[in-house]
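**Student:** So here's input.csv (CSV, C-alpha atoms and all ligand atoms).
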chain,number,residue,atom,x,y,z
A,1,MET,CA,19.2,115.0,-86.2
A,2,TRP,CA,19.2,112.9,-83.0
A,3,ARG,CA,22.5,112.2,-81.3
A,4,ARG,CA,23.2,109.4,-78.9
A,5,VAL,CA,25.4,109.7,-75.8
A,6,ALA,CA,27.2,106.6,-74.4
A,7,LEU,CA,26.8,106.0,-70.7
A,8,PHE,CA,29.4,104.2,-68.8
A,9,SER,CA,28.8,104.3,-65.0
A,10,PRO,CA,25.6,103.7,-63.1
A,11,MET,CA,26.1,107.2,-61.5
A,12,MET,CA,25.9,108.7,-65.0
A,13,LYS,CA,22.7,106.9,-65.7
A,14,LYS,CA,20.9,109.1,-63.3
A,15,SER,CA,18.3,111.2,-65.0
A,16,SER,CA,15.6,113.6,-63.9
A,17,SER,CA,13.1,111.5,-65.9
A,18,SER,CA,13.1,107.7,-65.9
A,19,ARG,CA,11.2,107.8,-69.2
A,20,SER,CA,13.9,109.8,-71.0
A,21,LEU,CA,16.6,107.5,-69.5
A,22,THR,CA,15.0,104.5,-71.1
A,23,LEU,CA,14.7,106.3,-74.4
A,24,ASN,CA,18.3,107.5,-74.3
A,25,GLN,CA,19.6,104.1,-73.4
A,26,LYS,CA,17.8,102.5,-76.3
A,27,GLY,CA,18.8,105.2,-78.7
A,28,PHE,CA,15.6,105.5,-80.6
A,29,GLY,CA,16.6,102.7,-83.0
A,30,LEU,CA,19.0,104.9,-84.8
A,31,LYS,CA,21.5,103.0,-86.9
A,32,VAL,CA,25.1,103.0,-85.8
A,33,GLY,CA,27.2,105.2,-88.0
A,34,GLU,CA,24.2,107.2,-89.2
A,35,SER,CA,23.8,110.6,-87.6
A,36,PHE,CA,25.3,109.1,-84.5
A,37,ALA,CA,27.7,110.9,-82.2
A,38,THR,CA,28.9,109.0,-79.2
A,39,GLU,CA,30.4,111.0,-76.4
A,40,ILE,CA,33.0,109.2,-74.2
A,41,ILE,CA,33.2,110.3,-70.6
A,42,ASN,CA,35.7,109.1,-68.0
A,43,PRO,CA,33.7,107.5,-65.2
A,44,GLU,CA,36.5,108.3,-62.7
A,45,GLU,CA,36.0,112.0,-63.1
A,46,GLY,CA,32.3,111.7,-62.5
A,47,VAL,CA,31.5,114.3,-65.1
A,48,SER,CA,27.9,114.3,-66.1
A,49,PRO,CA,27.3,113.8,-69.8
A,50,PRO,CA,25.6,116.6,-71.6
A,51,LYS,CA,21.9,115.9,-71.3
A,52,GLU,CA,20.4,114.7,-74.6
A,53,LYS,CA,16.7,114.8,-74.1
A,54,ALA,CA,14.5,112.4,-75.9
A,55,PRO,CA,12.3,113.9,-78.5
A,56,PHE,CA,8.8,114.8,-77.5
A,57,ILE,CA,6.4,112.4,-79.2
A,58,THR,CA,2.6,112.7,-79.4
A,59,PHE,CA,0.4,110.0,-80.9
A,60,VAL,CA,-2.9,111.3,-82.3
A,61,LEU,CA,-5.8,108.8,-82.3
A,62,GLY,CA,-9.4,109.0,-83.3
A,63,GLY,CA,-11.8,107.5,-85.8
A,64,PRO,CA,-11.9,108.4,-89.5
A,65,GLY,CA,-13.1,112.0,-89.8
A,66,SER,CA,-12.9,112.7,-86.1
A,67,GLY,CA,-10.8,115.8,-86.9
A,68,LYS,CA,-7.2,114.6,-86.1
A,69,GLY,CA,-5.6,116.4,-89.1
A,70,THR,CA,-7.5,119.6,-88.5
A,71,GLN,CA,-6.5,119.8,-84.9
A,72,CYS,CA,-2.9,118.8,-85.7
A,73,GLU,CA,-2.7,121.9,-87.9
A,74,ARG,CA,-3.7,124.1,-84.9
A,75,ILE,CA,-1.2,122.3,-82.6
A,76,VAL,CA,1.6,122.9,-85.2
A,77,GLU,CA,0.7,126.6,-85.5
A,78,THR,CA,0.7,127.1,-81.7
A,79,PHE,CA,3.4,124.8,-80.4
A,80,GLY,CA,5.6,124.2,-83.4
A,81,LEU,CA,5.5,120.4,-83.3
A,82,THR,CA,6.4,118.6,-86.6
A,83,HIS,CA,3.3,116.9,-88.0
A,84,LEU,CA,3.7,113.3,-89.4
A,85,SER,CA,0.5,111.9,-90.7
A,86,ALA,CA,0.8,108.1,-91.2
A,87,GLY,CA,-2.0,108.2,-93.8
A,88,ASP,CA,-0.2,111.0,-95.7
A,89,LEU,CA,3.1,109.1,-95.7
A,90,LEU,CA,1.3,106.0,-97.1
A,91,ARG,CA,-0.5,108.1,-99.7
A,92,ARG,CA,2.8,109.6,-100.7
A,93,GLU,CA,4.0,106.0,-101.5
A,94,ILE,CA,1.0,105.6,-103.8
A,95,ALA,CA,1.6,108.9,-105.5
A,96,PHE,CA,5.3,108.1,-106.1
A,97,ASN,CA,4.5,104.6,-107.3
A,98,THR,CA,7.0,103.0,-105.0
A,99,LYS,CA,7.4,99.3,-104.6
A,100,ASN,CA,4.7,99.2,-101.9
A,101,GLY,CA,2.5,101.8,-103.6
A,102,ALA,CA,0.1,99.4,-105.3
A,103,MET,CA,-0.3,97.2,-102.2
A,104,ILE,CA,-0.9,100.3,-100.0
A,105,LEU,CA,-3.6,101.6,-102.5
A,106,ASN,CA,-5.5,98.3,-102.4
A,107,LEU,CA,-5.5,98.3,-98.6
A,108,ILE,CA,-6.5,101.9,-98.2
A,109,LYS,CA,-9.4,101.4,-100.7
A,110,GLU,CA,-10.6,98.6,-98.5
A,111,GLY,CA,-10.1,100.6,-95.3
A,112,LYS,CA,-7.6,97.9,-94.2
A,113,ILE,CA,-4.4,98.4,-92.2
A,114,VAL,CA,-1.1,98.4,-94.0
A,115,PRO,CA,1.5,96.0,-92.5
A,116,SER,CA,3.1,97.8,-89.5
A,117,GLU,CA,6.7,97.3,-90.7
A,118,VAL,CA,5.9,99.4,-93.8
A,119,THR,CA,4.3,102.2,-91.9
A,120,VAL,CA,6.8,102.3,-89.1
A,121,LYS,CA,9.7,102.4,-91.5
A,122,LEU,CA,8.2,105.4,-93.2
A,123,ILE,CA,7.8,107.2,-89.9
A,124,GLN,CA,11.3,106.2,-88.9
A,125,LYS,CA,12.7,107.8,-92.0
A,126,GLU,CA,10.9,111.1,-91.2
A,127,LEU,CA,12.0,111.1,-87.6
A,128,GLU,CA,15.6,110.4,-88.4
A,129,SER,CA,15.9,113.0,-91.2
A,130,SER,CA,14.2,115.8,-89.2
A,131,ASP,CA,16.0,118.4,-87.1
A,132,SER,CA,12.8,118.7,-85.0
A,133,ARG,CA,12.7,117.4,-81.4
A,134,LYS,CA,8.9,117.4,-81.1
A,135,PHE,CA,6.5,115.3,-83.2
A,136,LEU,CA,2.8,114.8,-83.7
A,137,ILE,CA,2.3,111.3,-85.2
A,138,ASP,CA,-1.2,111.4,-86.5
A,139,GLY,CA,-3.3,108.3,-87.3
A,140,PHE,CA,-0.8,106.0,-85.5
A,141,PRO,CA,-0.8,103.5,-83.9
A,142,ARG,CA,-4.0,102.1,-85.4
A,143,THR,CA,-3.5,98.6,-84.0
A,144,GLU,CA,-1.7,96.9,-81.2
A,145,GLU,CA,0.6,95.5,-83.9
A,146,ASN,CA,1.4,99.1,-85.0
A,147,ARG,CA,2.2,100.0,-81.4
A,148,VAL,CA,4.5,97.1,-80.8
A,149,ALA,CA,6.3,97.6,-84.1
A,150,PHE,CA,6.9,101.2,-83.2
A,151,GLU,CA,8.4,100.2,-79.8
A,152,ARG,CA,10.5,97.6,-81.5
A,153,ILE,CA,11.8,99.6,-84.4
A,154,ILE,CA,11.9,103.2,-83.0
A,155,ARG,CA,12.5,102.2,-79.4
A,156,ALA,CA,10.5,105.1,-78.0
A,157,ASP,CA,7.3,105.7,-76.1
A,158,PRO,CA,4.9,108.6,-76.6
A,159,ASP,CA,4.8,111.4,-74.0
A,160,VAL,CA,1.2,112.2,-74.8
A,161,VAL,CA,-1.6,110.3,-76.6
A,162,LEU,CA,-4.6,112.4,-77.8
A,163,PHE,CA,-7.8,110.6,-78.6
A,164,PHE,CA,-10.4,112.6,-80.5
A,165,ASP,CA,-13.7,111.0,-79.4
A,166,CYS,CA,-16.4,111.5,-82.0
A,167,PRO,CA,-19.8,109.8,-82.6
A,168,GLU,CA,-19.9,107.7,-85.8
A,169,GLU,CA,-22.7,109.7,-87.3
A,170,GLU,CA,-20.7,112.9,-87.1
A,171,MET,CA,-17.5,111.2,-88.5
A,172,VAL,CA,-19.5,109.9,-91.5
A,173,LYS,CA,-21.0,113.3,-92.2
A,174,ARG,CA,-17.5,114.9,-92.1
A,175,VAL,CA,-15.8,112.3,-94.3
A,176,LEU,CA,-18.5,112.4,-96.9
A,177,ASN,CA,-18.2,116.2,-97.1
A,178,ARG,CA,-14.4,116.3,-97.1
A,179,ASN,CA,-14.0,116.7,-100.9
A,180,GLN,CA,-10.3,116.1,-101.0
A,181,GLY,CA,-10.5,113.3,-103.6
A,182,ARG,CA,-9.5,110.6,-101.2
A,183,VAL,CA,-10.2,107.0,-102.5
A,184,ASP,CA,-11.5,106.0,-99.1
A,185,ASP,CA,-13.9,108.9,-98.7
A,186,ASN,CA,-17.1,107.0,-99.7
A,187,ILE,CA,-19.8,105.4,-97.7
A,188,THR,CA,-18.7,101.8,-98.5
A,189,THR,CA,-15.1,102.2,-97.4
A,190,MET,CA,-16.1,104.5,-94.5
A,191,LYS,CA,-18.3,101.7,-93.0
A,192,LYS,CA,-15.3,99.3,-93.2
A,193,ARG,CA,-13.0,101.9,-91.6
A,194,LEU,CA,-15.3,102.4,-88.7
A,195,LYS,CA,-15.5,98.7,-88.1
A,196,ILE,CA,-11.8,98.3,-88.2
A,197,PHE,CA,-11.3,101.4,-85.9
A,198,GLU,CA,-13.7,100.0,-83.3
A,199,ALA,CA,-12.1,96.5,-83.4
A,200,LEU,CA,-8.4,97.4,-83.6
A,201,ASN,CA,-7.9,100.9,-82.3
A,202,ARG,CA,-9.9,100.4,-79.0
A,203,PRO,CA,-7.2,98.1,-77.5
A,204,VAL,CA,-4.6,100.8,-78.2
A,205,ILE,CA,-6.7,103.5,-76.5
A,206,ASP,CA,-7.2,101.2,-73.5
A,207,TYR,CA,-3.5,100.5,-73.4
A,208,TYR,CA,-2.5,104.2,-73.1
A,209,GLU,CA,-5.4,104.9,-70.7
A,210,ASN,CA,-3.9,102.2,-68.4
A,211,LYS,CA,-0.5,103.8,-68.8
A,212,GLY,CA,-1.9,107.2,-67.8
A,213,LYS,CA,-0.9,108.8,-71.0
A,214,LEU,CA,-4.3,109.2,-72.7
A,215,TYR,CA,-6.1,112.5,-73.1
A,216,THR,CA,-9.6,112.1,-74.4
A,217,ILE,CA,-11.0,115.1,-76.2
A,218,ASN,CA,-14.7,115.5,-77.0
A,219,ALA,CA,-14.4,116.0,-80.8
A,220,VAL,CA,-17.9,117.4,-81.3
A,221,GLY,CA,-18.2,121.2,-81.7
A,222,THR,CA,-16.4,123.9,-83.6
A,223,VAL,CA,-12.7,123.5,-84.5
A,224,ASP,CA,-12.0,126.3,-82.0
A,225,ASP,CA,-14.0,124.7,-79.2
A,226,ILE,CA,-12.1,121.5,-79.6
A,227,PHE,CA,-8.8,123.2,-79.7
A,228,GLN,CA,-9.6,124.9,-76.4
A,229,GLN,CA,-9.5,121.4,-74.9
A,230,VAL,CA,-6.2,120.6,-76.5
A,231,LEU,CA,-4.4,123.8,-75.4
A,232,PRO,CA,-4.0,123.1,-71.7
A,233,ILE,CA,-2.6,119.6,-72.4
A,234,PHE,CA,0.3,121.0,-74.4
A,235,SER,CA,0.7,124.1,-72.3
A,236,SER,CA,1.7,122.0,-69.3
A,237,PHE,CA,4.8,120.6,-71.0
A,238,GLU,CA,8.1,122.5,-70.5
A,239,GLN,CA,9.6,121.1,-73.7
A,240,LEU,CA,6.9,122.9,-75.7
A,241,LYS,CA,7.4,126.3,-74.2
A,242,GLU,CA,10.0,127.3,-76.8
A,243,CYS,CA,7.9,127.5,-80.0
A,244,ARG,CA,9.1,128.0,-83.5
A,245,HIS,CA,5.8,129.1,-84.9
A,246,VAL,CA,3.9,131.5,-82.8
A,247,ASN,CA,0.3,132.1,-83.7
A,248,PRO,CA,-0.5,135.6,-82.6
A,249,LYS,CA,-4.2,134.6,-82.4
A,250,SER,CA,-3.4,131.8,-80.0
A,251,PRO,CA,-4.2,132.6,-76.3
A,252,LEU,CA,-0.7,131.4,-75.6
A,253,GLY,CA,0.9,133.3,-78.5
A,254,SER,CA,2.3,136.2,-76.5
A,255,SER,CA,3.8,134.0,-73.8
A,256,LEU,CA,5.7,131.7,-76.2
A,257,VAL,CA,9.3,132.4,-77.1
A,258,GLU,CA,10.1,132.4,-80.8
A,259,ASN,CA,13.0,130.1,-81.8
A,260,SER,CA,14.1,130.2,-85.4
A,261,SER,CA,16.3,127.0,-85.1
A,301,LIG,N1,-14.9,120.4,-85.5
A,301,LIG,C1,-15.3,120.2,-86.8
A,301,LIG,N2,-16.5,120.4,-87.2
A,301,LIG,C2,-16.9,120.2,-88.5
A,301,LIG,N3,-16.1,119.7,-89.4
A,301,LIG,C3,-14.8,119.4,-89.1
A,301,LIG,C4,-14.4,119.6,-87.7
A,301,LIG,N4,-13.1,119.3,-87.7
A,301,LIG,C5,-12.7,118.9,-88.9
A,301,LIG,N5,-13.8,119.0,-89.7
A,301,LIG,C6,-13.8,118.6,-91.2
A,301,LIG,O1,-14.1,117.2,-91.2
A,301,LIG,C7,-13.3,116.6,-92.2
A,301,LIG,C8,-12.4,115.5,-91.6
A,301,LIG,O2,-11.5,116.2,-90.7
A,301,LIG,P1,-10.0,115.7,-90.7
A,301,LIG,O3,-9.5,115.5,-92.0
A,301,LIG,O4,-9.2,116.6,-89.8
A,301,LIG,O5,-10.2,114.3,-89.9
A,301,LIG,P2,-9.2,113.1,-89.7
A,301,LIG,O6,-9.5,112.6,-88.3
A,301,LIG,O7,-7.8,113.5,-90.0
A,301,LIG,O8,-9.7,112.0,-90.7
A,301,LIG,P3,-8.9,110.8,-91.4
A,301,LIG,O9,-8.7,109.8,-90.3
A,301,LIG,O10,-9.9,110.2,-92.4
A,301,LIG,O11,-7.7,111.3,-92.0
A,301,LIG,C9,-12.6,117.7,-92.9
A,301,LIG,O12,-13.3,118.1,-94.1
A,301,LIG,C10,-12.5,118.8,-91.9
A,301,LIG,O13,-12.5,120.1,-92.5
A,302,LIG,N1,-1.2,103.6,-89.1
A,302,LIG,C1,-1.9,103.6,-90.2
A,302,LIG,C2,-2.5,104.8,-90.7
A,302,LIG,C3,-3.3,104.7,-91.9
A,302,LIG,N2,-3.4,103.5,-92.5
A,302,LIG,C4,-4.1,103.4,-93.8
A,302,LIG,O1,-4.4,104.7,-94.4
A,302,LIG,C5,-5.8,105.0,-94.4
A,302,LIG,C6,-6.0,106.4,-94.2
A,302,LIG,O2,-5.4,106.9,-93.0
A,302,LIG,P1,-5.8,108.3,-92.4
A,302,LIG,O3,-5.1,108.4,-91.1
A,302,LIG,O4,-5.4,109.3,-93.3
A,302,LIG,O5,-7.3,108.3,-92.2
A,302,LIG,C7,-6.4,104.1,-93.3
A,302,LIG,O6,-7.7,103.8,-93.5
A,302,LIG,C8,-5.5,102.8,-93.5
A,302,LIG,O7,-6.0,102.1,-94.7
A,302,LIG,C9,-2.8,102.4,-92.0
A,302,LIG,O8,-2.9,101.3,-92.6
A,302,LIG,N3,-2.1,102.4,-90.9
A,303,MG,MG,-6.4,112.7,-91.3
Represent the supplied structure as structure tokens.
**Tutor:**
Amino acid sequence: MWRRVALFSPMMKKSSSSRSLTLNQKGFGLKVGESFATEIINPEEGVSPPKEKAPFITFVLGGPGSGKGTQCERIVETFGLTHLSAGDLLRREIAFNTKNGAMILNLIKEGKIVPSEVTVKLIQKELESSDSRKFLIDGFPRTEENRVAFERIIRADPDVVLFFDCPEEEMVKRVLNRNQGRVDDNITTMKKRLKIFEALNRPVIDYYENKGKLYTINAVGTVDDIFQQVLPIFSSFEQLKECRHVNPKSPLGSSLVENSS
């Protein structure tokens, strides 16, 4: 669960990272009274509050079939991040026949984007109920509207944005061979998804490129080849050095510290 720390004096607002300061001040959109511990510190004593680091958030972008889910599995094995797939959360609503289930099914069949409020609320529920401090949010944000809704509701920014760059021809081939019984894995819906991806996801990619947070991965090649491009990105982040799930096959496996918490 995420905890919030109250800050009272400007001196206490000092933080080694301006980004985590912003995130901590905003409190990730957690509701007051819900998993919310406020620590009160006397400003006169100048005691620094215990550092509550913001969770590490990665957005995973890429066209349909570019290999996002596949690479997320490898990242989870090696770095222990918690994988939240926006598409899977939406499909779960359909499977559980929730109040939004039918609406979501109709949109997914058409390759259209579900209203951001719905998707972000599902992500928020997962973030708030998890004990993890590091997340991979896969297939999100799909649109500028998604991105803005996340900022408004969750009040957090990603640390890393991965973009799996794959030619359309290859994505079509992969999706049509996927065989997982998805209602959108057919050529008609795939064509619509590709159009929507180009029109609506590109501005999001450009936005994070301008912010210096975008890592573009060439998504053509074997799963291993592609993961070799991902490895150095995550290896450079201190927060990820303590890994819950160490993959002995990973080139980093032996240097990671196992943490059972
Ligand atoms: N590098 C690769 N080479 C060949 N096939 C791959 C590669 N990576 C993934 N695949 C296969 O391509 C299909 C699509 O991959 P995946 O489900 O990971 O894509 P995705 O980006 O999550 O797609 P979607 O956005 O539709 O969920 C899967 O069947 C997967 O096994
Ligand atoms: N942010 C999102 C993510 C997904 N959708 C809808 O789900 C479909 C499948 O998504 P995958 O990530 O599993 O490919 C997608 O085509 C959209 O219809 C969404 O609306 N918003
Ligand atoms: Mg996927």
**Student:** Have a look at atom CA of A:Pro203 and atom CA of A:Glu144 and let me know their distance in Å, one decimal.
**Tutor:** 6.7 Å
**Student:** Please, which residues in stretch 158-214 of chain A fall within 12 Å of stretch 70-85 of chain A when counting only C-alpha atoms, and what is the closest atom pair and distance in Å to one decimal for each, ordered by chain then residue number, as JSON lines?
**Tutor:**
{"residue": "A:Leu162", "atom": "CA", "partner": "A:Cys72", "partner_atom": "CA", "distance": 10.3}
{"residue": "A:Phe163", "atom": "CA", "partner": "A:Gln71", "partner_atom": "CA", "distance": 11.2}
{"residue": "A:Phe164", "atom": "CA", "partner": "A:Gln71", "partner_atom": "CA", "distance": 9.3}
{"residue": "A:Arg174", "atom": "CA", "partner": "A:Thr70", "partner_atom": "CA", "distance": 11.6}
{"residue": "A:Arg178", "atom": "CA", "partner": "A:Thr70", "partner_atom": "CA", "distance": 11.5}
**Student:** If you count only C-alpha atoms and all ligand atoms, which residues end up within 6 Å of ligand LIG 301 (chain A), as a count of residues only?
**Tutor:** 15
**Student:** My list of candidates is A:Asn210, A:Asn106, A:Gln239, A:Asn218. Which is closest to ligand LIG 302 (chain A) when distances are computed with only C-alpha atoms and all ligand atoms?
**Tutor:** A:Asn106
**Student:** What does the list of residues within 8 Å of ligand LIG 302 (chain A) look like if you count all atoms listed in the file, written as a VMD selection string?
**Tutor:** chain A and resid 63 to 65 85 to 88 90 to 91 104 107 to 116 119 138 to 143 146 184 193
**Student:** Which value, in Å to one decimal, gives the distance between atom CA of A:Leu200 and atom CA of A:Leu176?
**Tutor:**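 Spanning atom CA of A:Leu200 to atom CA of A:Leu176 is a straight-line distance of 22.4 Å.
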**Student:** Report as a PDB file with C-alpha atoms, in the frame of the given file all protein, DNA and RNA residues lying within 8 Å of A:Phe56, evaluated on all atoms listed in the file, omitting residues in the same chain fewer than 3 positions from it.
**Tutor:**
ATOM      1  CA  ARG A 133      12.700 117.400 -81.400  1.00  0.00           C
ATOM      2  CA  LYS A 134       8.900 117.400 -81.100  1.00  0.00           C
ATOM      3  CA  PHE A 135       6.500 115.300 -83.200  1.00  0.00           C
ATOM      4  CA  PRO A 158       4.900 108.600 -76.600  1.00  0.00           C
ATOM      5  CA  ASP A 159       4.800 111.400 -74.000  1.00  0.00           C
ATOM      6  CA  GLN A 239       9.600 121.100 -73.700  1.00  0.00           C
TER       7      GLN A 239
END
**Student:** Could you give me, as an MDAnalysis selection string, the residues within 9 Å of A:Glu93, counting all atoms listed in the file and dropping anything in the same chain fewer than 6 positions from it?
**Tutor:** chainID A and resid 99:102 104:105
**Student:** Just the number, please: distance in Å from atom CA of A:Leu214 to atom CA of A:Ser129, one decimal.
**Tutor:**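 So the answer is 27.7 Å.
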**Student:** Pick out the closest residue to ligand MG 303 (chain A) from this set: A:Glu128, A:Glu117, A:Asp185, A:Asp224. Count all atoms listed in the file.
**Tutor:**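 Of A:Glu128, A:Glu117, A:Asp185, A:Asp224, the one nearest ligand MG 303 (chain A) is A:Asp185, counting all atoms listed in the file.
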**Student:** Applying 12 Å and only C-alpha atoms, which residues near A:Pro232 remain after dropping the ones on its own chain fewer than 4 positions away? List them as a PyMOL selection string.
**Tutor:** chain A and resi 75+78-79+215+217+226-228+236-237+240+251-252
**Student:** From the list A:Asn97, A:Val60, A:Asp165, A:Asn179, which residue is nearest ligand MG 303 (chain A) when using all atoms listed in the file?
**Tutor:**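 For ligand MG 303 (chain A), the nearest of the candidates is A:Val60.
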**Student:** So which one's closest to A:Glu170, A:Ile196, A:Val120, A:Ala219, A:Ala95? Using only C-alpha atoms, please.
**Tutor:**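 Comparing A:Ile196, A:Val120, A:Ala219, A:Ala95 against A:Glu170, the winner is A:Ala219.
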**Student:** Pick the closest to ligand MG 303 (chain A) from A:Leu61, A:Val204, A:Ile187, A:Lys192: which is it, counting all atoms listed in the file?
**Tutor:** A:Leu61
**Student:** With N, CA, C and O atoms as the goal, would you fill in the gaps in stretch 152-171 of chain A and present it as a short mmCIF file (atom, residue, chain, number, x, y, z; two decimals), keeping the file's coordinate frame?
**Tutor:**
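out-v1.cif written:
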data_model
loop_
_atom_site.label_atom_id
_atom_site.label_comp_id
_atom_site.auth_asym_id
_atom_site.auth_seq_id
_atom_site.Cartn_x
_atom_site.Cartn_y
_atom_site.Cartn_z
N ARG A 152 9.42 98.43 -81.07
CA ARG A 152 10.50 97.60 -81.50
C ARG A 152 11.51 98.30 -82.41
O ARG A 152 12.73 98.21 -82.24
N ILE A 153 10.98 99.02 -83.36
CA ILE A 153 11.80 99.60 -84.40
C ILE A 153 12.37 100.99 -83.95
O ILE A 153 13.56 101.29 -84.09
N ILE A 154 11.51 101.82 -83.42
CA ILE A 154 11.90 103.20 -83.00
C ILE A 154 12.49 103.21 -81.63
O ILE A 154 13.31 104.05 -81.29
N ARG A 155 12.04 102.30 -80.82
CA ARG A 155 12.50 102.20 -79.40
C ARG A 155 12.17 103.49 -78.65
O ARG A 155 13.07 104.08 -78.04
N ALA A 156 10.96 103.94 -78.79
CA ALA A 156 10.50 105.10 -78.00
C ALA A 156 9.08 104.97 -77.65
O ALA A 156 8.34 104.21 -78.28
N ASP A 157 8.72 105.71 -76.61
CA ASP A 157 7.30 105.70 -76.10
C ASP A 157 6.79 107.14 -76.32
O ASP A 157 7.55 108.10 -76.21
N PRO A 158 5.49 107.28 -76.54
CA PRO A 158 4.90 108.60 -76.60
C PRO A 158 4.89 109.32 -75.27
O PRO A 158 4.75 108.64 -74.24
N ASP A 159 5.02 110.64 -75.27
CA ASP A 159 4.80 111.40 -74.00
C ASP A 159 3.34 111.66 -73.80
O ASP A 159 2.87 111.68 -72.66
N VAL A 160 2.63 111.89 -74.91
CA VAL A 160 1.20 112.20 -74.80
C VAL A 160 0.47 111.40 -75.91
O VAL A 160 0.99 111.22 -77.00
N VAL A 161 -0.73 110.94 -75.56
CA VAL A 161 -1.60 110.30 -76.60
C VAL A 161 -2.93 111.04 -76.54
O VAL A 161 -3.61 111.07 -75.52
N LEU A 162 -3.27 111.67 -77.66
CA LEU A 162 -4.60 112.40 -77.80
C LEU A 162 -5.56 111.44 -78.44
O LEU A 162 -5.21 110.78 -79.42
N PHE A 163 -6.75 111.42 -77.91
CA PHE A 163 -7.80 110.60 -78.60
C PHE A 163 -9.01 111.53 -78.82
O PHE A 163 -9.64 112.03 -77.88
N PHE A 164 -9.27 111.77 -80.10
CA PHE A 164 -10.40 112.60 -80.50
C PHE A 164 -11.66 111.70 -80.58
O PHE A 164 -11.78 110.89 -81.49
N ASP A 165 -12.52 111.86 -79.60
CA ASP A 165 -13.70 111.00 -79.40
C ASP A 165 -14.89 111.62 -80.12
O ASP A 165 -15.34 112.70 -79.72
N CYS A 166 -15.38 110.94 -81.15
CA CYS A 166 -16.40 111.50 -82.00
C CYS A 166 -17.46 110.47 -82.33
O CYS A 166 -17.10 109.33 -82.65
N PRO A 167 -18.76 110.80 -82.28
CA PRO A 167 -19.80 109.80 -82.60
C PRO A 167 -19.68 109.44 -84.12
O PRO A 167 -19.33 110.28 -84.96
N GLU A 168 -20.03 108.18 -84.43
CA GLU A 168 -19.90 107.70 -85.80
C GLU A 168 -20.67 108.54 -86.81
O GLU A 168 -20.18 108.85 -87.89
N GLU A 169 -21.87 108.92 -86.42
CA GLU A 169 -22.70 109.70 -87.30
C GLU A 169 -22.01 110.99 -87.78
O GLU A 169 -22.03 111.36 -88.95
N GLU A 170 -21.37 111.65 -86.84
CA GLU A 170 -20.70 112.90 -87.10
C GLU A 170 -19.43 112.61 -88.02
O GLU A 170 -19.13 113.36 -88.96
N MET A 171 -18.73 111.52 -87.74
CA MET A 171 -17.50 111.20 -88.50
C MET A 171 -17.95 110.90 -89.99
O MET A 171 -17.29 111.35 -90.92
#
